[in-house]
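Heads up, start_20.cif below (mmCIF, C-alpha atoms):
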```cif
data_start
#
loop_
_atom_site.label_atom_id
_atom_site.label_comp_id
_atom_site.auth_asym_id
_atom_site.auth_seq_id
_atom_site.Cartn_x
_atom_site.Cartn_y
_atom_site.Cartn_z
CA PRO Y 1409 -13.17 -11.01 -1.26
CA ARG Y 1410 -10.44 -8.80 0.18
CA HIS Y 1411 -11.77 -6.71 3.05
CA GLN Y 1412 -10.05 -3.67 1.56
CA ALA Y 1413 -11.87 -4.07 -1.75
CA SER Y 1414 -15.23 -4.46 0.01
CA SER Y 1415 -14.68 -1.38 2.17
CA ARG Y 1416 -13.42 0.53 -0.86
CA CYS Y 1417 -16.73 -0.17 -2.62
CA ILE Y 1418 -18.52 1.62 0.22
CA THR Y 1419 -16.08 4.52 -0.03
CA ILE Y 1420 -16.66 4.81 -3.77
CA GLU Y 1421 -20.43 4.66 -3.24
CA ARG Y 1422 -20.17 7.49 -0.71
CA ALA Y 1423 -18.09 9.58 -3.14
CA LEU Y 1424 -20.58 8.99 -5.97
CA ASN Y 1425 -23.45 10.00 -3.73
CA ARG Y 1426 -21.61 13.22 -2.86
CA LEU Y 1427 -21.44 13.92 -6.58
CA GLY Y 1428 -25.17 13.33 -6.92
CA CYS Y 1429 -24.81 10.01 -8.77
CA ALA Y 1430 -27.11 7.11 -7.98
CA CYS Y 1431 -25.44 3.72 -7.74
CA GLU Y 1432 -26.04 0.14 -6.71
CA VAL Y 1433 -23.30 -1.76 -4.85
CA CYS Y 1434 -22.95 -5.52 -5.12
CA VAL Y 1435 -20.11 -6.94 -3.02
CA PRO Y 1436 -19.73 -10.72 -2.60
CA ASP Y 1437 -19.85 -10.54 1.20
CA ALA Y 1438 -22.69 -13.03 1.62
CA PRO Y 1439 -23.64 -16.32 -0.11
CA ASP Y 1440 -26.55 -14.77 -1.98
CA LYS Y 1441 -24.25 -12.10 -3.46
CA CYS Y 1442 -21.50 -14.37 -4.75
CA HIS Y 1443 -23.24 -15.57 -7.91
CA VAL Y 1444 -23.12 -13.84 -11.28
CA ALA Y 1445 -26.91 -13.59 -11.11
CA ALA Y 1446 -26.67 -11.27 -8.09
CA ARG Y 1447 -24.43 -8.89 -10.02
CA MET Y 1448 -26.65 -8.92 -13.08
CA GLN Y 1449 -29.65 -8.17 -10.86
CA ALA Y 1450 -27.78 -5.21 -9.35
CA ILE Y 1451 -27.08 -3.85 -12.84
CA GLU Y 1452 -30.75 -4.21 -13.73
CA ARG Y 1453 -31.98 -2.61 -10.48
CA ALA Y 1454 -29.77 0.41 -11.07
CA SER Y 1455 -30.78 0.79 -14.73
CA ALA Y 1456 -27.04 1.27 -15.05
CA ASP Y 1457 -25.44 3.37 -17.76
CA MET Y 1458 -21.99 2.20 -16.62
CA VAL Y 1459 -20.64 -0.75 -14.63
CA LEU Y 1460 -17.57 -0.57 -12.40
CA PHE Y 1461 -15.71 -3.74 -11.44
CA LEU Y 1462 -13.30 -3.44 -8.54
CA ASN Y 1463 -10.05 -5.43 -8.51
CA GLY Y 1464 -10.83 -7.42 -11.63
CA SER Y 1465 -12.29 -7.40 -15.09
CA PRO Y 1466 -15.75 -8.80 -15.90
CA GLY Y 1467 -14.20 -11.79 -17.67
CA ALA Y 1468 -16.76 -14.42 -18.59
CA MET Y 1469 -19.51 -12.16 -17.28
CA ARG Y 1470 -18.92 -9.59 -20.03
CA PRO Y 1471 -21.08 -11.32 -22.71
CA LEU Y 1472 -24.03 -11.12 -20.29
CA ILE Y 1473 -23.76 -7.32 -20.14
CA PRO Y 1474 -25.04 -5.35 -23.15
CA ARG Y 1475 -22.01 -4.78 -25.34
CA GLU Y 1476 -22.67 -1.05 -25.73
CA LEU Y 1477 -22.86 -0.56 -21.94
CA PRO Y 1478 -19.46 0.81 -20.82
CA VAL Y 1479 -17.62 -1.29 -18.28
CA ALA Y 1480 -14.70 -0.01 -16.23
CA ALA Y 1481 -12.34 -2.18 -14.19
CA ARG Y 1482 -10.55 -0.45 -11.30
CA TYR Y 1483 -7.47 -2.11 -9.83
CA LEU Y 1484 -6.42 -1.29 -6.26
CA PRO Y 1485 -3.27 -2.26 -4.33
CA GLY Y 1486 -2.83 -6.03 -4.11
CA ALA Y 1487 -5.26 -6.80 -6.92
CA GLY Y 1488 -4.49 -9.94 -8.87
CA ILE Y 1489 -4.37 -9.43 -12.63
CA THR Y 1490 -5.63 -12.38 -14.65
CA PRO Y 1491 -5.49 -12.85 -18.44
CA ILE Y 1492 -7.84 -10.56 -20.36
CA LEU Y 1493 -9.40 -11.84 -23.57
CA LEU Y 1494 -10.20 -9.32 -26.28
CA SER Y 1495 -13.48 -11.15 -26.89
CA GLN Y 1496 -14.46 -10.12 -23.34
CA VAL Y 1497 -13.74 -6.42 -23.85
CA GLY Y 1498 -16.50 -4.11 -25.05
CA PRO Y 1499 -15.96 -1.14 -27.41
CA HIS Y 1500 -16.16 1.39 -24.56
CA ASP Y 1501 -14.50 -0.62 -21.77
CA LEU Y 1502 -11.63 0.84 -19.77
CA PHE Y 1503 -9.08 -0.51 -17.31
CA PHE Y 1504 -7.87 1.81 -14.55
CA ALA Y 1505 -4.61 1.01 -12.79
CA SER Y 1506 -3.26 2.57 -9.59
CA SER Y 1507 0.40 2.68 -10.64
CA THR Y 1508 2.69 2.59 -13.65
CA SER Y 1509 3.63 -1.03 -12.93
CA GLN Y 1510 -0.02 -2.00 -12.75
CA CYS Y 1511 -0.64 -0.36 -16.14
CA GLU Y 1512 2.17 -2.41 -17.63
CA ALA Y 1513 0.83 -5.60 -16.03
CA LEU Y 1514 -2.65 -5.00 -17.49
CA VAL Y 1515 -1.25 -4.56 -20.99
CA ALA Y 1516 0.86 -7.68 -20.54
CA ALA Y 1517 -2.29 -9.55 -19.46
CA GLY Y 1518 -4.02 -8.69 -22.74
CA ALA Y 1519 -5.83 -5.41 -22.13
CA PRO Y 1520 -5.74 -3.10 -25.17
CA THR Y 1521 -3.16 -0.37 -24.64
CA THR Y 1522 -5.66 2.28 -25.66
CA ALA Y 1523 -8.12 1.05 -23.02
CA VAL Y 1524 -5.65 1.22 -20.10
CA ALA Y 1525 -5.31 4.41 -18.07
CA GLN Y 1526 -3.70 5.29 -14.78
CA CYS Y 1527 -6.02 6.59 -12.09
CA GLU Y 1528 -4.06 7.41 -8.95
CA LEU Y 1529 -5.26 6.39 -5.53
CA GLY Y 1530 -7.17 9.03 -3.60
CA ALA Y 1531 -7.56 9.93 0.05
CA ASP Y 1532 -10.83 9.26 1.80
CA ASP Y 1533 -11.30 12.85 2.92
CA VAL Y 1534 -14.59 11.99 4.62
CA LEU Y 1535 -12.88 9.69 7.12
CA PHE Y 1536 -9.49 11.40 7.23
CA HIS Y 1537 -9.28 15.06 8.23
CA PRO Y 1538 -7.69 17.21 10.93
CA LEU Y 1539 -9.20 16.89 14.40
CA ALA Y 1540 -9.00 18.98 17.54
CA LEU Y 1541 -8.36 16.10 19.91
CA PRO Y 1542 -9.05 16.62 23.63
CA ASP Y 1543 -5.82 17.02 25.59
CA ASP Y 1544 -6.32 13.80 27.56
CA GLU Y 1545 -6.94 11.77 24.40
CA ARG Y 1546 -3.98 13.36 22.63
CA VAL Y 1547 -1.73 12.35 25.52
CA SER Y 1548 -3.12 8.80 25.77
CA ARG Y 1549 -2.90 8.17 22.03
CA ARG Y 1550 0.25 10.14 21.36
CA ALA Y 1551 3.28 8.57 19.79
CA SER Y 1552 5.75 11.11 18.46
CA ILE Y 1553 6.22 8.74 15.52
CA ALA Y 1554 3.55 6.34 14.27
CA VAL Y 1555 4.97 3.46 12.22
CA LEU Y 1556 2.30 1.89 10.01
CA MET Y 1557 2.75 -1.33 8.08
CA ASP Y 1558 1.50 -4.90 7.96
CA LEU Y 1559 4.70 -6.89 7.72
CA PRO Y 1560 4.60 -9.91 5.40
CA ASP Y 1561 5.17 -13.15 7.29
CA ASP Y 1562 8.79 -13.90 6.45
CA ARG Y 1563 9.09 -17.13 8.43
CA PRO Y 1564 10.12 -20.02 6.15
CA GLU Y 1565 7.30 -22.21 7.44
CA ALA Y 1566 4.81 -19.61 6.21
CA CYS Y 1567 5.99 -20.45 2.70
CA ALA Y 1568 6.19 -24.23 3.23
CA ILE Y 1569 10.01 -24.17 3.26
CA THR Y 1570 11.10 -27.28 5.17
CA LEU Y 1571 14.20 -28.78 3.51
CA PRO Y 1572 17.30 -28.14 5.67
CA SER Y 1573 19.24 -26.77 2.69
CA HIS Y 1574 16.40 -24.39 1.84
CA LEU Y 1575 16.08 -23.31 5.47
CA ALA Y 1576 19.78 -22.44 5.46
CA LEU Y 1577 19.31 -20.47 2.25
CA TRP Y 1578 16.31 -18.65 3.72
CA GLU Y 1579 18.32 -17.52 6.75
CA ALA Y 1580 21.17 -16.45 4.46
CA LEU Y 1581 18.72 -14.41 2.38
CA GLN Y 1582 17.50 -12.63 5.51
CA ASN Y 1583 21.07 -11.84 6.55
CA ALA Y 1584 22.06 -10.65 3.07
CA ALA Y 1585 18.98 -8.45 2.84
CA LEU Y 1586 19.72 -6.94 6.25
CA GLN Y 1587 23.30 -6.16 5.22
CA ARG Y 1588 21.90 -4.26 2.22
CA ALA Y 1589 18.88 -2.75 3.96
CA ASP Y 1590 20.01 0.83 3.35
CA ARG Y 1591 20.33 0.38 -0.38
CA TYR Y 1592 17.84 -2.43 -1.02
CA SER Y 1593 15.75 -2.33 -4.16
CA ASP Y 1594 14.27 -5.18 -6.15
CA ASP Y 1595 17.07 -4.74 -8.68
CA LEU Y 1596 19.42 -6.25 -6.07
CA ALA Y 1597 17.43 -9.49 -5.77
CA ASP Y 1598 19.74 -11.55 -8.00
CA GLU Y 1599 22.83 -10.20 -6.24
CA ILE Y 1600 21.37 -11.06 -2.83
CA LEU Y 1601 20.39 -14.55 -3.95
CA GLU Y 1602 23.93 -15.20 -5.23
CA ALA Y 1603 25.43 -14.00 -1.95
CA ALA Y 1604 23.00 -16.13 0.05
CA GLN Y 1605 23.79 -19.23 -1.99
CA ARG Y 1606 27.51 -18.75 -1.39
CA SER Y 1607 27.19 -18.22 2.35
CA SER Y 1608 24.67 -21.03 2.90
CA GLY Y 1609 26.29 -23.58 0.61
CA THR Y 1610 22.94 -24.16 -1.05
CA THR Y 1611 22.83 -23.77 -4.83
CA LEU Y 1612 19.55 -23.66 -6.72
CA GLU Y 1613 20.13 -25.41 -10.03
CA GLU Y 1614 16.64 -25.09 -11.51
CA ALA Y 1615 15.46 -21.76 -12.91
CA ALA Y 1616 12.00 -22.28 -11.39
CA SER Y 1617 13.49 -22.64 -7.90
CA ARG Y 1618 15.59 -19.52 -8.36
CA GLU Y 1619 12.54 -17.55 -9.49
CA GLN Y 1620 10.59 -18.82 -6.50
CA PHE Y 1621 13.22 -17.69 -3.99
CA VAL Y 1622 13.64 -14.33 -5.73
CA ALA Y 1623 9.87 -13.86 -5.39
CA PHE Y 1624 10.07 -14.78 -1.69
CA LEU Y 1625 12.84 -12.24 -1.27
CA ARG Y 1626 10.98 -9.42 -3.02
CA THR Y 1627 7.56 -9.99 -1.48
CA ARG Y 1628 8.34 -11.28 2.00
CA ILE Y 1629 11.94 -11.24 3.19
CA ALA Y 1630 13.04 -7.82 1.94
CA PRO Y 1631 9.94 -5.81 2.96
CA ALA Y 1632 9.97 -7.30 6.48
CA THR Y 1633 13.74 -6.98 6.89
CA VAL Y 1634 13.96 -3.39 5.62
CA ALA Y 1635 11.01 -2.27 7.76
CA ARG Y 1636 12.45 -3.87 10.90
CA ALA Y 1637 15.79 -2.18 10.19
CA ALA Y 1638 14.03 1.20 10.06
CA VAL Y 1639 12.37 0.60 13.41
CA GLN Y 1640 15.68 -0.49 14.88
CA ALA Y 1641 17.22 2.79 13.72
CA LEU Y 1642 14.48 4.76 15.50
CA ALA Y 1643 14.94 2.70 18.67
CA THR Y 1644 18.73 3.14 18.61
CA ARG Y 1645 18.32 6.89 18.31
CA GLY Y 1646 15.93 6.90 21.26
CA ASP Y 1647 12.90 8.22 19.41
CA GLU Y 1648 9.47 7.77 20.92
CA PHE Y 1649 7.43 5.69 18.50
CA ALA Y 1650 4.64 3.16 18.29
CA ILE Y 1651 3.90 0.49 15.69
CA TRP Y 1652 0.58 -0.56 14.23
CA GLY Y 1653 0.39 -3.60 11.97
CA SER Y 1654 0.74 -7.38 11.91
CA ASN Y 1655 3.77 -9.67 12.30
CA TRP Y 1656 6.01 -7.21 14.14
CA PRO Y 1657 8.34 -8.79 16.71
CA ALA Y 1658 8.84 -7.29 20.15
CA ALA Y 1659 11.71 -4.80 20.27
CA GLY Y 1660 14.97 -6.14 21.66
CA ASP Y 1661 15.34 -3.28 24.17
CA GLY Y 1662 12.49 -4.52 26.37
CA ASN Y 1663 10.04 -1.82 25.29
CA ASP Y 1664 7.08 -3.28 23.45
CA ARG Y 1665 5.96 -0.54 21.10
CA ARG Y 1666 3.39 -2.65 19.28
CA ARG Y 1667 -0.11 -1.21 19.52
CA GLY Y 1668 -2.04 -3.88 17.66
CA PRO Y 1669 -3.34 -4.48 14.15
CA MET Y 1670 -3.51 -1.78 11.51
CA PRO Y 1671 -6.50 0.41 12.35
CA SER Y 1672 -8.87 1.85 9.79
CA GLY Y 1673 -11.48 4.55 9.56
CA GLU Y 1674 -12.01 6.87 12.51
CA PRO Y 1675 -9.54 5.10 14.89
CA LEU Y 1676 -6.78 5.54 12.30
CA ASN Y 1677 -7.74 9.18 11.78
CA ARG Y 1678 -7.33 9.84 15.50
CA ILE Y 1679 -3.92 8.15 15.54
CA LEU Y 1680 -2.78 10.19 12.54
CA ASN Y 1681 -3.91 13.38 14.27
CA ALA Y 1682 -2.12 12.51 17.51
CA ALA Y 1683 1.27 11.65 15.99
CA GLU Y 1684 3.93 14.23 15.14
CA CYS Y 1685 4.87 12.23 12.07
CA VAL Y 1686 4.02 8.98 10.31
CA VAL Y 1687 6.69 6.59 9.02
CA LEU Y 1688 5.84 4.20 6.18
CA PRO Y 1689 8.91 1.93 6.06
CA TRP Y 1690 8.26 0.19 2.73
CA MET Y 1691 7.19 1.64 -0.62
CA SER Y 1692 4.03 -0.01 -1.97
CA MET Y 1693 0.66 1.04 -3.30
CA THR Y 1694 -0.77 0.37 0.16
CA ALA Y 1695 1.82 2.77 1.59
CA VAL Y 1696 0.85 5.39 -0.99
CA ARG Y 1697 -2.80 5.06 -0.01
CA LEU Y 1698 -1.86 5.45 3.66
CA ALA Y 1699 0.32 8.45 2.80
CA LEU Y 1700 -2.59 10.19 1.07
CA ASP Y 1701 -4.97 9.46 3.96
CA ALA Y 1702 -2.34 10.67 6.45
CA LEU Y 1703 -1.80 13.92 4.55
CA ALA Y 1704 -5.58 14.43 4.48
CA ALA Y 1705 -5.57 14.06 8.27
CA GLY Y 1706 -2.87 16.71 8.62
CA ALA Y 1707 -0.03 14.32 9.42
CA ASN Y 1708 3.60 14.66 8.37
CA VAL Y 1709 4.63 11.62 6.33
CA ILE Y 1710 8.03 9.98 5.86
CA LEU Y 1711 8.09 7.30 3.15
CA ARG Y 1712 10.86 4.85 2.25
CA SER Y 1713 11.45 5.75 -1.35
CA THR Y 1714 13.07 8.41 -3.45
CA GLN Y 1715 11.04 11.17 -5.02
CA GLU Y 1716 12.19 9.95 -8.43
CA SER Y 1717 11.00 6.38 -7.82
CA PHE Y 1718 7.76 7.62 -6.29
CA LEU Y 1719 6.91 9.79 -9.30
CA SER Y 1720 7.94 7.05 -11.73
CA GLU Y 1721 5.20 4.84 -10.28
CA HIS Y 1722 2.75 7.65 -9.50
CA PRO Y 1723 3.25 10.52 -11.97
CA GLY Y 1724 -0.21 11.85 -11.19
CA LEU Y 1725 0.86 12.64 -7.61
CA SER Y 1726 3.55 15.19 -8.51
CA SER Y 1727 1.76 17.93 -6.55
CA VAL Y 1728 1.70 15.63 -3.49
CA ALA Y 1729 5.38 14.61 -3.58
CA GLY Y 1730 6.48 18.00 -2.23
CA PHE Y 1731 4.58 17.35 0.98
CA LEU Y 1732 6.24 13.97 1.58
CA SER Y 1733 9.66 13.32 3.09
CA PHE Y 1734 11.59 10.48 1.48
CA TYR Y 1735 14.39 8.31 2.81
CA ARG Y 1736 16.35 5.22 1.85
CA THR Y 1737 18.98 4.74 4.58
CA ALA Y 1738 18.65 4.56 8.35
CA ARG Y 1739 20.59 7.82 8.65
CA GLU Y 1740 18.27 9.56 6.19
CA LEU Y 1741 15.26 8.36 8.20
CA THR Y 1742 16.54 9.66 11.54
CA ASP Y 1743 17.60 12.93 9.90
CA ALA Y 1744 14.12 13.33 8.37
CA VAL Y 1745 12.50 12.74 11.76
CA ARG Y 1746 14.79 15.28 13.42
CA ARG Y 1747 14.11 17.90 10.75
CA MET Y 1748 10.38 17.34 10.85
CA ARG Y 1749 10.17 17.62 14.63
CA SER Y 1750 12.20 20.83 14.67
CA GLN Y 1751 10.20 22.76 12.08
CA GLY Y 1752 7.47 23.98 14.44
CA GLU Y 1753 5.37 26.68 12.78
CA THR Y 1754 6.74 25.87 9.32
CA ARG Y 1755 5.56 22.29 9.76
CA GLN Y 1756 2.05 23.44 10.63
CA GLU Y 1757 1.90 25.61 7.52
CA ARG Y 1758 3.12 22.71 5.41
CA THR Y 1759 0.52 20.29 6.78
CA ALA Y 1760 -2.27 22.83 6.25
CA ALA Y 1761 -1.18 23.25 2.63
CA ALA Y 1762 -1.08 19.46 2.20
CA VAL Y 1763 -4.61 19.07 3.55
CA ALA Y 1764 -5.84 21.73 1.12
CA GLU Y 1765 -4.08 20.07 -1.83
CA ILE Y 1766 -5.51 16.63 -1.00
CA GLN Y 1767 -9.04 17.98 -0.56
CA ALA Y 1768 -8.85 19.98 -3.78
CA ASN Y 1769 -7.20 17.48 -6.10
CA HIS Y 1770 -6.51 14.05 -4.61
CA SER Y 1771 -9.59 12.76 -2.80
CA ILE Y 1772 -11.59 9.71 -3.81
CA THR Y 1773 -14.35 12.10 -4.86
CA ASN Y 1774 -11.87 13.77 -7.26
CA ARG Y 1775 -10.93 10.41 -8.70
#
```
The structure given in the file should be rewritten as structure tokens.
Amino acid sequence: PRHQASSRCITIERALNRLGCACEVCVPDAPDKCHVAARMQAIERASADMVLFLNGSPGAMRPLIPRELPVAARYLPGAGITPILLSQVGPHDLFFASSTSQCEALVAAGAPTTAVAQCELGADDVLFHPLALPDDERVSRRASIAVLMDLPDDRPEACAITLPSHLALWEALQNAALQRADRYSDDLADEILEAAQRSSGTTLEEAASREQFVAFLRTRIAPATVARAAVQALATRGDEFAIWGSNWPAAGDGNDRRRGPMPSGEPLNRILNAAECVVLPWMSMTAVRLALDALAAGANVILRSTQESFLSEHPGLSSVAGFLSFYRTARELTDAVRRMRSQGETRQERTAAAVAEIQANHSITNR
């Protein structure tokens, strides 16, 4: 199972306990918990009046659960959506998506439209909250800007690309994406592929091959390229920043700003409290979750998106959008950093209001 899904189960359990609800958690993190029997035993032990599946529907397990017992399926960032058969959906079952796109994908997979609802991500306000860090720790941990993102591995060998013509196309895709980093969106994928084919001399004749390379561009090449371009803009401007996350290269100026893998829990909370602002250089549901956790910790957040795009995917976060700073271009990013760092007392008032809004309306307990 994904580590995130397993840890999220614990977070949900904690939230339910805070609400006074008893629950039984069954996560396939050991051999004796991976079988359907283990899950059915958990349902029986809890004398459950509802069952929650995380990152998937019950599928073939649904006929084993009493049909009148409501089942909810909650989909988090990165969840795979498999075909849903109506015969495996009970009369009270619901499917909760974390974004507009995920809602559409669930309906396309076969979930009844009336059974699909959007439930926005929430901040873990137990783990993430403002801290009064000791001065020595604040200095040792401090990075004026904390850049948080696990870069996808955009090396061709990571995707089993070995043909010389395909390697040339891959490099051309990286160059074309970099040239359009300021205005990149997935709508440009076909344009970038055409440009890369022309410059590399490699033409993909089969539709399946074209679709494959467009997918590589959208899921690997573009996110990594756009995020690296953002960091380069900060370095060029001379900003003090540090990076947490996987697959980041060393900076070309000789200063290694990498601080290791993406932290979680209390270590991440302390980093968020020490930084003046947090930059999330690629829009994704994972970035939205980090943004909510960062706001809960009292951090100022700069996200690569537009407010319009953000609200299109996450309409339930309209009251949060006003506390986020958005950017698309390198210039907009550096301007946002400059504005944020110059606000002083106004910034403190804004972060305090953001913390209050998250705690009141956008925590996991609220969800």
Length of the atom CA of His1537 of chain Y to atom CA of Thr1759 of chain Y vector [Å]: 11.2 Å
Expected selection from the PyMOL selection byres ((chain Y and resi 1477) around 10), given as number ranges by chain: Y: 1456-1459, 1473-1476, 1478-1480, 1498-1501
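Here atom CA of Ala1423 of chain Y is placed at a distance of 23.6 Å from atom CA of Ala1438 of chain Y.
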Result set, the PyMOL selection byres ((chain Y and resi 1721) around 7) on current file, as an MDAnalysis selection string: chainID Y and resid 1507:1509 1717:1720 1722:1723
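The list of residues with at least one atom within 12 Å of Ala1637 of chain Y, based on all atoms listed in the file and without residues fewer than 6 positions apart in the same chain, reads Gln1582, Asn1583, Ala1585, Leu1586, Gln1587, Arg1588, Ala1589, Asp1590, Arg1591, Tyr1592, Ala1630, Pro1631, Ala1643, Thr1644, Trp1656, Pro1657, Ala1659, Pro1689, Trp1690, Arg1712, Arg1736, Thr1737, Ala1738, Arg1739, Leu1741 and Thr1742 of chain Y.
Here, the PyMOL selection byres ((chain Y and resi 1513) around 12) matches Y:Tyr1483, Y:Ala1487, Y:Gly1488, Y:Ile1489, Y:Thr1490, Y:Pro1491, Y:Ile1492, Y:Phe1503, Y:Phe1504, Y:Ala1505, Y:Ser1506, Y:Ser1507, Y:Thr1508, Y:Ser1509, Y:Gln1510, Y:Cys1511, Y:Glu1512, Y:Leu1514, Y:Val1515, Y:Ala1516, Y:Ala1517, Y:Gly1518, Y:Ala1519, Y:Pro1520, Y:Thr1521, Y:Val1524, Y:Ala1525, Y:Gln1526.
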Using all atoms listed in the file, find each residue of segment 1675-1719 of chain Y with at least one atom at most 7 Å away from an atom of segment 1551-1563 of chain Y; report its shortest atom-to-atom pair and that distance in Å (one decimal), sort the rows by chain and rising residue number, and return the result as CSV.
```
residue,atom,partner,partner_atom,distance
Y:Ala1683,CA,Y:Ser1552,CA,5.1
Y:Glu1684,CA,Y:Ser1552,CA,4.9
Y:Cys1685,CA,Y:Ile1553,CA,5.1
Y:Val1686,CA,Y:Ala1554,CA,4.8
Y:Val1687,CA,Y:Val1555,CA,4.8
Y:Leu1688,CA,Y:Leu1556,CA,5.7
```
Could those selected residues go to a file with C-alpha atoms, as a CSV table (one decimal), in the coordinates of the input?
```csv
chain,number,residue,atom,x,y,z
Y,1683,ALA,CA,1.3,11.6,16.0
Y,1684,GLU,CA,3.9,14.2,15.1
Y,1685,CYS,CA,4.9,12.2,12.1
Y,1686,VAL,CA,4.0,9.0,10.3
Y,1687,VAL,CA,6.7,6.6,9.0
Y,1688,LEU,CA,5.8,4.2,6.2
```
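Each of Y:Met1448, Y:Ala1702, Y:Ile1629, Y:Ile1420 was checked against Cys1567 of chain Y using all atoms listed in the file; the smallest atom-to-atom distance is that of Y:Ile1629.
Taking atom CA of Asp1664 of chain Y and atom CA of Gln1640 of chain Y as endpoints, the distance between them is 12.5 Å.
Candidate residues Y:Ser1771, Y:Thr1633, Y:Ser1414, Y:Gln1605 were compared for distance to Phe1621 of chain Y, and the nearest is Y:Gln1605, using only C-alpha atoms.
A search radius of 8 Å centred on (9.6, 14.5, 10.1), applied to all atoms listed in the file, returns the residues Glu1684, Cys1685, Val1686, Asn1708, Val1709, Ile1710, Ser1733, Ala1744, Val1745, Arg1746, Arg1747, Met1748 and Arg1749 of chain Y.
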Residue neighbourhood segment 1450-1453 of chain Y, 8 Å, only C-alpha atoms, exclusion window fewer than 4 positions, as number ranges by chain: Y: 1432-1434, 1446, 1459
Export of the given selection (C-alpha atoms) as a short mmCIF file (atom, residue, chain, number, x, y, z; two decimals), in the coordinates of the input:
```cif
data_model
loop_
_atom_site.label_atom_id
_atom_site.label_comp_id
_atom_site.auth_asym_id
_atom_site.auth_seq_id
_atom_site.Cartn_x
_atom_site.Cartn_y
_atom_site.Cartn_z
CA GLU Y 1432 -26.04 0.14 -6.71
CA VAL Y 1433 -23.30 -1.76 -4.85
CA CYS Y 1434 -22.95 -5.52 -5.12
CA ALA Y 1446 -26.67 -11.27 -8.09
CA VAL Y 1459 -20.64 -0.75 -14.63
#
```
Neighbour residues at most 12 Å from (20.3, -20.4, -10.4) (all atoms listed in the file) as a PyMOL selection string: chain Y and resi 1598-1599+1601-1606+1610-1622
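Between Glu1740 of chain Y and the residues Y:Asn1463, Y:Gln1496, Y:Ser1727, Y:Ser1713, the shortest atom-to-atom distance, using only C-alpha atoms, involves Y:Ser1713.
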